[in-house]
$ cat target24.cif   # mmCIF, C-alpha atoms and all ligand atoms
data_entry
loop_
_atom_site.group_PDB
_atom_site.id
_atom_site.type_symbol
_atom_site.label_atom_id
_atom_site.label_comp_id
_atom_site.auth_asym_id
_atom_site.auth_seq_id
_atom_site.Cartn_x
_atom_site.Cartn_y
_atom_site.Cartn_z
ATOM 1 C CA MET A 1 -6.227 18.877 19.072
ATOM 2 C CA GLY A 2 -4.668 16.886 21.927
ATOM 3 C CA ASP A 3 -1.024 16.874 22.980
ATOM 4 C CA THR A 4 1.689 14.685 21.431
ATOM 5 C CA GLY A 5 1.102 11.768 23.819
ATOM 6 C CA THR A 6 -2.658 11.770 23.313
ATOM 7 C CA ILE A 7 -2.339 11.877 19.534
ATOM 8 C CA ARG A 8 0.205 9.060 19.581
ATOM 9 C CA GLU A 9 -1.966 6.862 21.795
ATOM 10 C CA THR A 10 -5.071 7.500 19.691
ATOM 11 C CA VAL A 11 -3.127 6.683 16.515
ATOM 12 C CA ARG A 12 -1.678 3.532 18.077
ATOM 13 C CA GLU A 13 -5.106 2.361 19.191
ATOM 14 C CA ARG A 14 -6.679 3.025 15.811
ATOM 15 C CA TYR A 15 -3.994 1.164 13.853
ATOM 16 C CA GLY A 16 -3.760 -1.631 16.429
ATOM 17 C CA GLN A 17 -7.447 -2.298 15.824
ATOM 18 C CA ALA A 18 -6.917 -2.135 12.072
ATOM 19 C CA ALA A 19 -4.206 -4.823 12.322
ATOM 20 C CA LEU A 20 -6.420 -7.027 14.489
ATOM 21 C CA ARG A 21 -9.236 -6.714 11.944
ATOM 22 C CA VAL A 22 -6.962 -7.921 9.151
ATOM 23 C CA MET A 23 -5.644 -10.778 11.298
ATOM 24 C CA ALA A 24 -9.245 -11.778 12.069
ATOM 25 C CA GLY A 25 -9.987 -11.904 8.344
ATOM 26 C CA GLY A 26 -11.872 -8.610 8.131
ATOM 27 C CA GLY A 27 -11.060 -5.514 6.119
ATOM 28 C CA ASN A 28 -8.526 -2.853 7.026
ATOM 29 C CA GLY A 29 -9.076 0.324 9.005
ATOM 30 C CA CYS A 30 -8.682 2.894 6.244
ATOM 31 C CA CYS A 31 -6.426 5.869 6.071
ATOM 32 C CA GLY A 32 -8.527 8.914 5.535
ATOM 33 C CA ALA A 33 -11.942 7.446 5.790
ATOM 34 C CA SER A 34 -14.615 7.126 8.373
ATOM 35 C CA ALA A 35 -15.577 3.569 9.233
ATOM 36 C CA GLY A 36 -18.477 3.772 6.829
ATOM 37 C CA SER A 37 -16.384 4.340 3.726
ATOM 38 C CA CYS A 38 -13.577 1.822 4.143
ATOM 39 C CA GLY A 39 -12.309 -0.653 1.607
ATOM 40 C CA ALA A 40 -12.870 -0.283 -2.096
ATOM 41 C CA ASP A 41 -14.728 3.011 -1.596
ATOM 42 C CA ASP A 42 -11.994 4.788 0.339
ATOM 43 C CA PRO A 43 -10.820 7.574 -1.978
ATOM 44 C CA ILE A 44 -7.383 7.709 -0.328
ATOM 45 C CA THR A 45 -6.369 4.051 -0.025
ATOM 46 C CA ARG A 46 -8.133 2.443 -2.986
ATOM 47 C CA ASP A 47 -6.333 1.115 -6.081
ATOM 48 C CA LEU A 48 -2.782 2.035 -5.098
ATOM 49 C CA TYR A 49 -1.016 -1.072 -6.361
ATOM 50 C CA ALA A 50 -1.171 -2.866 -9.700
ATOM 51 C CA ASP A 51 -2.087 -6.567 -9.509
ATOM 52 C CA ALA A 52 1.270 -7.474 -11.029
ATOM 53 C CA GLU A 53 3.061 -5.743 -8.153
ATOM 54 C CA THR A 54 1.163 -7.512 -5.402
ATOM 55 C CA ALA A 55 1.186 -10.936 -7.063
ATOM 56 C CA GLY A 56 3.108 -13.258 -4.768
ATOM 57 C CA LEU A 57 2.588 -11.142 -1.650
ATOM 58 C CA PRO A 58 0.471 -12.569 1.202
ATOM 59 C CA ALA A 59 -3.175 -11.496 0.870
ATOM 60 C CA GLU A 60 -3.027 -10.093 4.422
ATOM 61 C CA ALA A 61 -0.188 -7.729 3.460
ATOM 62 C CA VAL A 62 -2.285 -6.367 0.593
ATOM 63 C CA LEU A 63 -5.445 -6.211 2.716
ATOM 64 C CA ALA A 64 -3.611 -4.327 5.444
ATOM 65 C CA SER A 65 -2.499 -1.606 3.043
ATOM 66 C CA LEU A 66 -3.449 1.731 4.573
ATOM 67 C CA GLY A 67 -1.305 4.011 2.488
ATOM 68 C CA CYS A 68 -2.094 6.898 0.175
ATOM 69 C CA GLY A 69 0.436 6.206 -2.559
ATOM 70 C CA ASN A 70 2.885 3.673 -3.911
ATOM 71 C CA PRO A 71 6.323 4.920 -2.852
ATOM 72 C CA THR A 72 8.315 1.936 -4.125
ATOM 73 C CA ALA A 73 6.861 2.423 -7.616
ATOM 74 C CA LEU A 74 8.066 6.024 -7.650
ATOM 75 C CA ALA A 75 11.311 5.683 -5.706
ATOM 76 C CA GLU A 76 14.609 4.854 -7.309
ATOM 77 C CA LEU A 77 15.734 1.600 -5.611
ATOM 78 C CA HIS A 78 18.842 -0.366 -6.537
ATOM 79 C CA GLU A 79 20.145 -3.834 -5.863
ATOM 80 C CA GLY A 80 22.109 -4.001 -2.624
ATOM 81 C CA GLU A 81 20.612 -0.855 -1.059
ATOM 82 C CA THR A 82 19.212 -0.433 2.447
ATOM 83 C CA VAL A 83 15.664 0.907 2.637
ATOM 84 C CA LEU A 84 13.747 2.072 5.705
ATOM 85 C CA ASP A 85 9.946 2.366 5.709
ATOM 86 C CA LEU A 86 8.669 4.788 8.364
ATOM 87 C CA GLY A 87 5.382 3.480 9.793
ATOM 88 C CA SER A 88 5.481 0.179 7.935
ATOM 89 C CA GLY A 89 2.055 -1.107 9.026
ATOM 90 C CA GLY A 90 1.306 -4.580 7.632
ATOM 91 C CA GLY A 91 4.553 -4.404 5.653
ATOM 92 C CA ILE A 92 3.428 -4.162 2.015
ATOM 93 C CA ASP A 93 6.007 -1.537 1.000
ATOM 94 C CA VAL A 94 8.791 -3.266 2.952
ATOM 95 C CA LEU A 95 8.120 -6.533 1.120
ATOM 96 C CA LEU A 96 8.015 -4.714 -2.236
ATOM 97 C CA SER A 97 11.288 -2.907 -1.387
ATOM 98 C CA ALA A 98 12.949 -6.177 -0.364
ATOM 99 C CA ARG A 99 12.257 -7.555 -3.837
ATOM 100 C CA ARG A 100 13.754 -4.491 -5.473
ATOM 101 C CA VAL A 101 16.970 -4.364 -3.418
ATOM 102 C CA GLY A 102 17.470 -8.129 -3.707
ATOM 103 C CA PRO A 103 19.281 -10.510 -1.363
ATOM 104 C CA THR A 104 22.324 -8.242 -1.069
ATOM 105 C CA GLY A 105 20.122 -5.382 0.124
ATOM 106 C CA LYS A 106 17.944 -4.956 3.185
ATOM 107 C CA ALA A 107 14.514 -3.499 3.894
ATOM 108 C CA TYR A 108 13.631 -2.283 7.397
ATOM 109 C CA GLY A 109 10.123 -1.462 8.550
ATOM 110 C CA LEU A 110 9.642 0.732 11.619
ATOM 111 C CA ASP A 111 6.346 0.889 13.477
ATOM 112 C CA MET A 112 5.231 1.666 17.031
ATOM 113 C CA THR A 113 2.124 -0.549 17.093
ATOM 114 C CA ASP A 114 2.635 -4.098 18.400
ATOM 115 C CA GLU A 115 -0.334 -5.530 16.490
ATOM 116 C CA MET A 116 0.967 -4.060 13.213
ATOM 117 C CA LEU A 117 4.442 -5.453 13.883
ATOM 118 C CA ALA A 118 2.951 -8.905 14.569
ATOM 119 C CA LEU A 119 0.965 -8.733 11.323
ATOM 120 C CA ALA A 120 3.998 -7.527 9.347
ATOM 121 C CA ARG A 121 6.253 -10.266 10.750
ATOM 122 C CA GLU A 122 3.625 -12.882 9.903
ATOM 123 C CA ASN A 123 3.413 -11.447 6.371
ATOM 124 C CA GLN A 124 7.191 -11.637 6.074
ATOM 125 C CA ARG A 125 7.073 -15.292 7.165
ATOM 126 C CA ARG A 126 4.354 -16.073 4.613
ATOM 127 C CA ALA A 127 6.260 -14.248 1.877
ATOM 128 C CA GLY A 128 9.407 -16.214 2.802
ATOM 129 C CA VAL A 129 11.748 -13.230 2.526
ATOM 130 C CA GLU A 130 14.863 -12.924 4.635
ATOM 131 C CA ASN A 131 16.278 -9.524 3.762
ATOM 132 C CA VAL A 132 13.587 -7.816 5.877
ATOM 133 C CA GLU A 133 13.525 -6.696 9.495
ATOM 134 C CA PHE A 134 10.665 -5.036 11.350
ATOM 135 C CA LEU A 135 11.737 -2.728 14.182
ATOM 136 C CA LYS A 136 9.618 -1.407 17.008
ATOM 137 C CA GLY A 137 9.970 2.299 17.642
ATOM 138 C CA HIS A 138 8.867 5.817 16.877
ATOM 139 C CA ILE A 139 9.542 7.638 13.664
ATOM 140 C CA GLU A 140 10.468 10.664 15.798
ATOM 141 C CA GLN A 141 13.379 8.651 17.285
ATOM 142 C CA ILE A 142 14.562 6.126 14.716
ATOM 143 C CA PRO A 143 16.419 3.163 16.271
ATOM 144 C CA LEU A 144 19.152 3.051 13.603
ATOM 145 C CA PRO A 145 22.626 4.626 13.486
ATOM 146 C CA ASP A 146 23.592 7.803 11.644
ATOM 147 C CA ASP A 147 24.331 7.466 7.910
ATOM 148 C CA SER A 148 23.072 3.885 7.664
ATOM 149 C CA VAL A 149 20.207 3.969 5.108
ATOM 150 C CA ASP A 150 20.191 4.619 1.330
ATOM 151 C CA VAL A 151 16.482 5.335 0.912
ATOM 152 C CA ILE A 152 13.698 6.335 3.286
ATOM 153 C CA ILE A 153 10.207 5.519 2.162
ATOM 154 C CA SER A 154 6.932 6.001 4.002
ATOM 155 C CA ASN A 155 3.291 5.710 3.062
ATOM 156 C CA CYS A 156 0.796 7.978 4.749
ATOM 157 C CA VAL A 157 2.443 8.169 8.158
ATOM 158 C CA ILE A 158 4.279 11.485 8.583
ATOM 159 C CA ASN A 159 0.910 13.262 8.639
ATOM 160 C CA LEU A 160 0.078 11.230 11.768
ATOM 161 C CA SER A 161 3.040 12.540 13.753
ATOM 162 C CA ALA A 162 2.580 15.382 16.207
ATOM 163 C CA ASP A 163 6.291 16.263 15.820
ATOM 164 C CA LYS A 164 7.057 16.428 12.110
ATOM 165 C CA PRO A 165 10.336 18.410 12.453
ATOM 166 C CA ALA A 166 11.684 15.546 14.627
ATOM 167 C CA VAL A 167 10.653 12.948 12.027
ATOM 168 C CA LEU A 168 12.387 14.831 9.216
ATOM 169 C CA ALA A 169 15.527 15.479 11.300
ATOM 170 C CA GLU A 170 15.704 11.783 12.165
ATOM 171 C CA ALA A 171 15.204 10.785 8.517
ATOM 172 C CA PHE A 172 18.078 13.104 7.607
ATOM 173 C CA ARG A 173 20.309 11.696 10.371
ATOM 174 C CA VAL A 174 19.934 8.021 9.399
ATOM 175 C CA LEU A 175 20.299 8.605 5.650
ATOM 176 C CA LYS A 176 23.766 8.169 4.198
ATOM 177 C CA PRO A 177 25.198 11.259 2.491
ATOM 178 C CA GLY A 178 23.504 11.388 -0.920
ATOM 179 C CA GLY A 179 20.613 9.258 0.447
ATOM 180 C CA ARG A 180 17.059 9.693 -0.854
ATOM 181 C CA PHE A 181 13.817 10.585 0.902
ATOM 182 C CA ALA A 182 10.924 9.161 -1.177
ATOM 183 C CA VAL A 183 7.654 9.397 0.662
ATOM 184 C CA SER A 184 3.945 9.267 -0.140
ATOM 185 C CA ASP A 185 1.756 11.336 2.135
ATOM 186 C CA VAL A 186 -1.372 13.412 2.331
ATOM 187 C CA ILE A 187 -0.668 17.122 1.977
ATOM 188 C CA VAL A 188 -2.755 20.245 2.097
ATOM 189 C CA ARG A 189 -2.537 22.904 -0.594
ATOM 190 C CA GLY A 190 -3.167 26.311 0.930
ATOM 191 C CA GLU A 191 -5.463 26.846 3.897
ATOM 192 C CA VAL A 192 -8.120 24.387 5.048
ATOM 193 C CA PRO A 193 -10.847 25.204 7.585
ATOM 194 C CA ALA A 194 -9.660 25.259 11.206
ATOM 195 C CA GLU A 195 -12.567 23.000 12.155
ATOM 196 C CA LEU A 196 -11.073 20.248 10.001
ATOM 197 C CA ARG A 197 -7.651 20.673 11.623
ATOM 198 C CA ARG A 198 -9.215 20.270 15.071
ATOM 199 C CA SER A 199 -10.826 16.881 14.439
ATOM 200 C CA MET A 200 -9.046 13.940 16.087
ATOM 201 C CA GLU A 201 -11.036 11.553 13.872
ATOM 202 C CA LEU A 202 -9.586 13.291 10.824
ATOM 203 C CA TRP A 203 -6.109 13.362 12.384
ATOM 204 C CA VAL A 204 -6.031 9.566 12.769
ATOM 205 C CA GLY A 205 -7.565 9.334 9.287
ATOM 206 C CA CYS A 206 -4.470 11.072 7.804
ATOM 207 C CA VAL A 207 -6.153 14.368 6.868
ATOM 208 C CA ALA A 208 -6.133 16.822 9.796
ATOM 209 C CA GLY A 209 -2.399 16.396 10.500
ATOM 210 C CA ALA A 210 -1.333 16.753 6.865
ATOM 211 C CA LEU A 211 1.390 19.308 6.217
ATOM 212 C CA GLU A 212 0.721 22.248 3.951
ATOM 213 C CA GLU A 213 2.960 21.704 0.893
ATOM 214 C CA ASP A 214 5.104 24.830 1.309
ATOM 215 C CA GLU A 215 5.530 24.049 4.998
ATOM 216 C CA PHE A 216 6.664 20.511 4.059
ATOM 217 C CA ARG A 217 9.281 21.996 1.686
ATOM 218 C CA ARG A 218 10.422 24.462 4.340
ATOM 219 C CA LEU A 219 10.774 21.801 7.062
ATOM 220 C CA LEU A 220 12.732 19.490 4.731
ATOM 221 C CA ALA A 221 15.107 22.305 3.769
ATOM 222 C CA GLU A 222 15.460 23.370 7.393
ATOM 223 C CA VAL A 223 16.876 19.995 8.493
ATOM 224 C CA GLY A 224 19.302 20.005 5.552
ATOM 225 C CA PHE A 225 17.580 18.248 2.617
ATOM 226 C CA GLU A 226 18.065 19.506 -0.923
ATOM 227 C CA GLU A 227 16.384 18.816 -4.299
ATOM 228 C CA VAL A 228 12.979 18.906 -2.599
ATOM 229 C CA ASP A 229 10.118 18.078 -4.948
ATOM 230 C CA ILE A 230 6.432 17.546 -4.158
ATOM 231 C CA GLU A 231 4.311 15.974 -6.857
ATOM 232 C CA PRO A 232 0.561 15.507 -6.244
ATOM 233 C CA THR A 233 -0.542 11.993 -7.214
ATOM 234 C CA ARG A 234 -4.261 12.302 -6.362
ATOM 235 C CA VAL A 235 -6.156 15.512 -5.698
ATOM 236 C CA TYR A 236 -9.382 15.141 -3.719
ATOM 237 C CA HIS A 237 -12.544 16.968 -4.646
ATOM 238 C CA VAL A 238 -15.769 17.551 -2.753
ATOM 239 C CA ASP A 239 -17.210 14.097 -3.410
ATOM 240 C CA ASP A 240 -14.040 12.436 -2.154
ATOM 241 C CA ALA A 241 -14.027 14.751 0.860
ATOM 242 C CA ARG A 242 -17.580 13.639 1.577
ATOM 243 C CA ALA A 243 -16.269 10.083 1.993
ATOM 244 C CA PHE A 244 -13.512 10.954 4.421
ATOM 245 C CA LEU A 245 -15.315 13.690 6.347
ATOM 246 C CA GLU A 246 -18.340 11.469 6.925
ATOM 247 C CA GLY A 247 -18.630 10.612 10.611
ATOM 248 C CA SER A 248 -16.353 13.475 11.682
ATOM 249 C CA GLY A 249 -19.299 15.746 12.476
ATOM 250 C CA ILE A 250 -18.182 18.226 9.809
ATOM 251 C CA ASP A 251 -20.754 19.595 7.394
ATOM 252 C CA VAL A 252 -19.184 18.895 3.999
ATOM 253 C CA ASP A 253 -21.639 21.038 2.055
ATOM 254 C CA ALA A 254 -20.980 24.018 4.300
ATOM 255 C CA MET A 255 -17.250 23.852 3.603
ATOM 256 C CA ALA A 256 -17.299 22.386 0.092
ATOM 257 C CA ALA A 257 -15.519 25.308 -1.517
ATOM 258 C CA ALA A 258 -12.895 25.401 1.222
ATOM 259 C CA VAL A 259 -11.896 21.729 0.824
ATOM 260 C CA ASP A 260 -12.354 21.208 -2.913
ATOM 261 C CA GLY A 261 -8.939 20.457 -4.425
ATOM 262 C CA ARG A 262 -7.105 21.465 -1.241
ATOM 263 C CA ILE A 263 -6.295 17.964 0.037
ATOM 264 C CA ALA A 264 -4.060 15.714 -2.035
ATOM 265 C CA SER A 265 -1.901 12.637 -1.872
ATOM 266 C CA ALA A 266 1.584 13.467 -3.018
ATOM 267 C CA PHE A 267 4.985 11.954 -3.623
ATOM 268 C CA VAL A 268 7.636 13.897 -1.735
ATOM 269 C CA ARG A 269 11.284 13.556 -2.751
ATOM 270 C CA ALA A 270 14.425 15.071 -1.314
ATOM 271 C CA ARG A 271 18.090 14.229 -1.035
ATOM 272 C CA LYS A 272 20.613 14.436 1.776
ATOM 273 C CA PRO A 273 23.597 16.306 0.348
ATOM 274 C CA ALA A 274 26.601 14.153 -0.474
ATOM 275 C CA GLU A 275 28.597 16.531 1.708
ATOM 276 C CA ALA A 276 26.009 16.480 4.474
ATOM 277 C CA ALA A 277 28.513 17.253 7.223
ATOM 278 C CA ALA A 278 28.928 20.740 5.812
ATOM 279 C CA THR A 279 25.181 21.494 5.765
ATOM 280 C CA ALA A 280 24.073 24.169 8.180
ATOM 281 C CA GLY A 281 21.098 23.164 10.302
ATOM 282 C CA ALA A 282 21.773 19.433 10.055
ATOM 283 C CA GLY A 283 22.166 19.003 13.792
ATOM 284 C CA ALA A 284 23.377 15.407 13.842
ATOM 285 C CA ALA A 285 25.956 16.018 11.117
ATOM 286 C CA ALA A 286 27.162 19.406 12.251
ATOM 287 C CA CYS A 287 30.407 18.264 13.915
ATOM 288 C CA CYS A 288 32.691 17.092 11.144
ATOM 289 C CA ALA A 289 36.025 16.427 12.843
ATOM 290 C CA PRO A 290 37.860 17.005 16.090
ATOM 291 C CA GLY A 291 38.659 20.664 16.363
ATOM 292 C CA CYS A 292 36.264 21.915 13.655
ATOM 293 C CA CYS A 293 33.219 22.460 15.894
ATOM 294 C CA GLY A 294 32.192 25.048 18.428
ATOM 295 C CA GLY A 295 34.443 27.771 19.794
HETATM 296 C C1 LIG B 1 -1.859 4.839 7.863
HETATM 297 S S1 LIG B 1 -0.984 3.465 8.459
HETATM 298 C C2 LIG B 1 0.107 3.178 7.083
HETATM 299 C C3 LIG B 1 0.779 1.832 7.115
HETATM 300 C C4 LIG B 1 1.636 1.483 5.917
HETATM 301 N N1 LIG B 1 2.624 2.500 5.636
HETATM 302 C C5 LIG B 1 0.779 1.237 4.676
HETATM 303 O O1 LIG B 1 0.960 1.916 3.670
HETATM 304 O O2 LIG B 1 -0.066 0.357 4.736
HETATM 305 C C6 LIG B 1 0.064 4.225 9.660
HETATM 306 C C7 LIG B 1 1.068 3.309 10.349
HETATM 307 O O3 LIG B 1 2.058 4.114 10.975
HETATM 308 C C8 LIG B 1 2.251 3.725 12.311
HETATM 309 N N2 LIG B 1 2.621 4.946 13.048
HETATM 310 C C9 LIG B 1 1.890 6.065 13.184
HETATM 311 N N3 LIG B 1 2.551 6.993 13.876
HETATM 312 C C10 LIG B 1 3.752 6.447 14.200
HETATM 313 C C11 LIG B 1 4.893 6.919 14.929
HETATM 314 N N4 LIG B 1 4.897 8.137 15.460
HETATM 315 N N5 LIG B 1 5.962 6.104 15.067
HETATM 316 C C12 LIG B 1 5.927 4.843 14.529
HETATM 317 N N6 LIG B 1 4.881 4.344 13.843
HETATM 318 C C13 LIG B 1 3.804 5.130 13.677
HETATM 319 C C14 LIG B 1 0.934 3.109 12.731
HETATM 320 O O4 LIG B 1 1.120 2.184 13.779
HETATM 321 C C15 LIG B 1 0.464 2.440 11.434
HETATM 322 O O5 LIG B 1 0.937 1.124 11.328
#
$ encode --input "target24.cif" --output "structure tokens" --more "lines below"
Ligand SMILES: C[S@@+](CC[C@H](N)C(=O)[O-])C[C@H]1O[C@@H](n2cnc3c(N)ncnc32)[C@H](O)[C@@H]1O
Amino acid sequence: MGDTGTIRETVRERYGQAALRVMAGGGNGCCGASAGSCGADDPITRDLYADAETAGLPAEAVLASLGCGNPTALAELHEGETVLDLGSGGGIDVLLSARRVGPTGKAYGLDMTDEMLALARENQRRAGVENVEFLKGHIEQIPLPDDSVDVIISNCVINLSADKPAVLAEAFRVLKPGGRFAVSDVIVRGEVPAELRRSMELWVGCVAGALEEDEFRRLLAEVGFEEVDIEPTRVYHVDDARAFLEGSGIDVDAMAAAVDGRIASAFVRARKPAEAAATAGAGAAACCAPGCCGG
């Protein structure tokens, strides 16, 4: 696997092309699938949203959906809250969040890919919503102040980061005390073959970079989150794996037993403690008042 910069550039290029395809009226780029199995056949991205949820959203926002779950359906969102979507893509979950938090709330989308931001802003314009803002930046360095967000959502993006501890520490920093982390992502359950982990094609397809579920729990706890819960929403079996391993050069039959049931989409919840300043390991919140820190 390449270094952080190489992974980031490959991811940016892949999702930039996906956005351009949607803007040109084509399909999306698929999360978790080789080019040959995109669209309705993609076992990871297909059928995530009910028609009633997407009614009224621009068709391009729905077409651009590259997630692996439906975080706003599972997250608790209240009127007036501020939501941040990490890796907002074409903006579907930001637009759905904006509806839920209403005009007194705000939904931010954060993405590093210019073409995705252009698509998302166009989708916002078409949807005619004002309580939405798309920010350019990296999820490893969130361009928002400490303690400024009620809920962090994300849909199939953390697996793409080469620095997951930084993403989780940043999520913790920008959440208000008591704030919720409510994220859909691909996870791995137990060990998967090293060959799969080494494939860049599978990294940009949301599979090779997926965190092992216990590791995800450990990293969340390490930055200070509590009430961590990981609930699988779709578990992939050999036939699904065939669809997303196709084109990666990996022999699915040879590793069928090793991948069967080991890769899943999951909903990951956690909470920043209400008294976050007192939490050990929460770097950004560690200094609570003049005189209480250091020697
Ligand atoms: C798989 S797509 C998911 C998009 C969207 N969440 C959805 O459900 O349709 C991944 C998105 O995350 C963005 N992304 C990936 N890594 C990122 C990073 N390190 N910082 C910011 N954005 C990133 C990509 O540009 C892309 O738009």
$ closest_residue --input "target24.cif" --among "A:Arg21, A:Arg125, A:His138, A:His78" --to "ligand LIG 1 (chain B)" --atoms "all atoms listed in the file"
A:His138
$ axis_aligned_box --input "target24.cif" --around "ligand LIG 1 (chain B)" --padding-each-side "4 Å" --output "JSON"
{"center_x": 2.1, "center_y": 4.2, "center_z": 9.6, "size_x": 15.8, "size_y": 15.8, "size_z": 19.8}
$ residues_around --input "target24.cif" --residues "Ala171 (chain A)" --least-positions-apart "3" --cutoff "8 Å" --atoms "all atoms listed in the file" --output "ChimeraX atom specification"
/A:142,152,167-168,174-175,181
$ residues_near_ligand --input "target24.cif" --ligand "ligand LIG 1 (chain B)" --cutoff "7 Å" --atoms "all atoms listed in the file" --output "number ranges by chain"
A: 8, 11-12, 15-16, 31, 64-68, 86-93, 110-113, 116, 137-140, 154-157, 160-161, 206
$ atom_distance --input "target24.cif" --atom1 "CA of Thr6 (chain A)" --atom2 "CA of Gly249 (chain A)"
20.3 Å
$ resolve_selection --input "target24.cif" --expression "the PyMOL selection byres (((chain A and resi 177) around 7) and not hetatm)" --output "number ranges by chain"
A: 147, 175-176, 178-179, 272-276
$ atom_distance --input "target24.cif" --atom1 "CA of Glu60 (chain A)" --atom2 "CA of Leu117 (chain A)"
12.9 Å
